[in-house]
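Worksheet: the structure to be examined is printed underneath.
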Amino acid sequence: MKNLSIIILSVFFFSCQQKENKSLPVPMSDSITTKEIKTEEVKEVNKQTGDTIVMDVKNEIGLFIAKGIIDSIHPRVYVKFKNENPGELKGKIITPTGGGNIRFNQIIFPDKSSDGPFGADLTLNLRQKGNNILVIGHSQMADNPYYGKFEVQLENKK
């Protein structure tokens, strides 16, 4: 019995070891040919990473637009944007179904003060320059929290 367990353990340890990858050196050629690679213009977009969307890029008409997702792992999404000019902020949350229990829960201003809750549409005067954070989630006072994809649009007018 003792010998059998030693054999099984030996086989296990030898099978778990990784083999070294020995590759042969690649001969270098005297002349190197290069191909001209055409790079297509990559369009930058505002993307969700984890539970955060950083709004850096405006579209042609001056809107910040991003697609996001709310799920059970990320029940709140934080939308960060920089306000360079005091003015009116208009925001809108659009869902594929056209409704649902999703809203702007809160805005956190650069001085760490906050305001909210709001609805799926937001109109607010921004008086401070700096980084603002919008918190998107479902209403705690309503049933059936929204889980799924959404689009957020922000417009900052002077």
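Order determines the names: the first chain of the structure tokens is A, the second B, and so forth; residues in each chain are numbered 1 upward, and ligands are numbered 1 upward as they are shown.
Contact shell of Asp71 of chain A at 10 Å (only C-alpha atoms; same-chain neighbours under 2 positions omitted): A:Asp51, A:Ile69, A:Ile73, A:His74, A:Pro75, A:Arg76, A:Val77, A:Gly137, A:Pro145, A:Tyr146, A:Tyr147, A:Gly148, A:Lys149.
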Just the residues within 8 Å of Leu126 of chain A, please, counting only C-alpha atoms, with nothing from its chain fewer than 5 positions along; format it as an MDAnalysis selection string.
chainID A and resid 83 86:89
For the residues in that selection, give me C-alpha atoms as a short mmCIF file (atom, residue, chain, number, x, y, z; two decimals), in the first residue's frame.
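Below you can see again28.cif, which holds the result:
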data_model
loop_
_atom_site.label_atom_id
_atom_site.label_comp_id
_atom_site.auth_asym_id
_atom_site.auth_seq_id
_atom_site.Cartn_x
_atom_site.Cartn_y
_atom_site.Cartn_z
CA ASN A 83 -16.82 70.62 -16.34
CA PRO A 86 -20.10 76.78 -15.67
CA GLY A 87 -23.45 76.33 -17.33
CA GLU A 88 -26.44 74.05 -17.68
CA LEU A 89 -26.00 70.28 -17.66
#
Excluding segment 96-106 of chain A and any residue of its chain fewer than 5 positions from it, enumerate the residues within 6 Å of it, using only C-alpha atoms, and give them as a PyMOL selection string.
chain A and resi 115-120+134-138+145-146
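Using only C-alpha atoms, the shortest contact distance between Phe64 of chain A and any of A:Lys112, A:Lys2, A:Lys157, A:Lys129 is found at A:Lys157.
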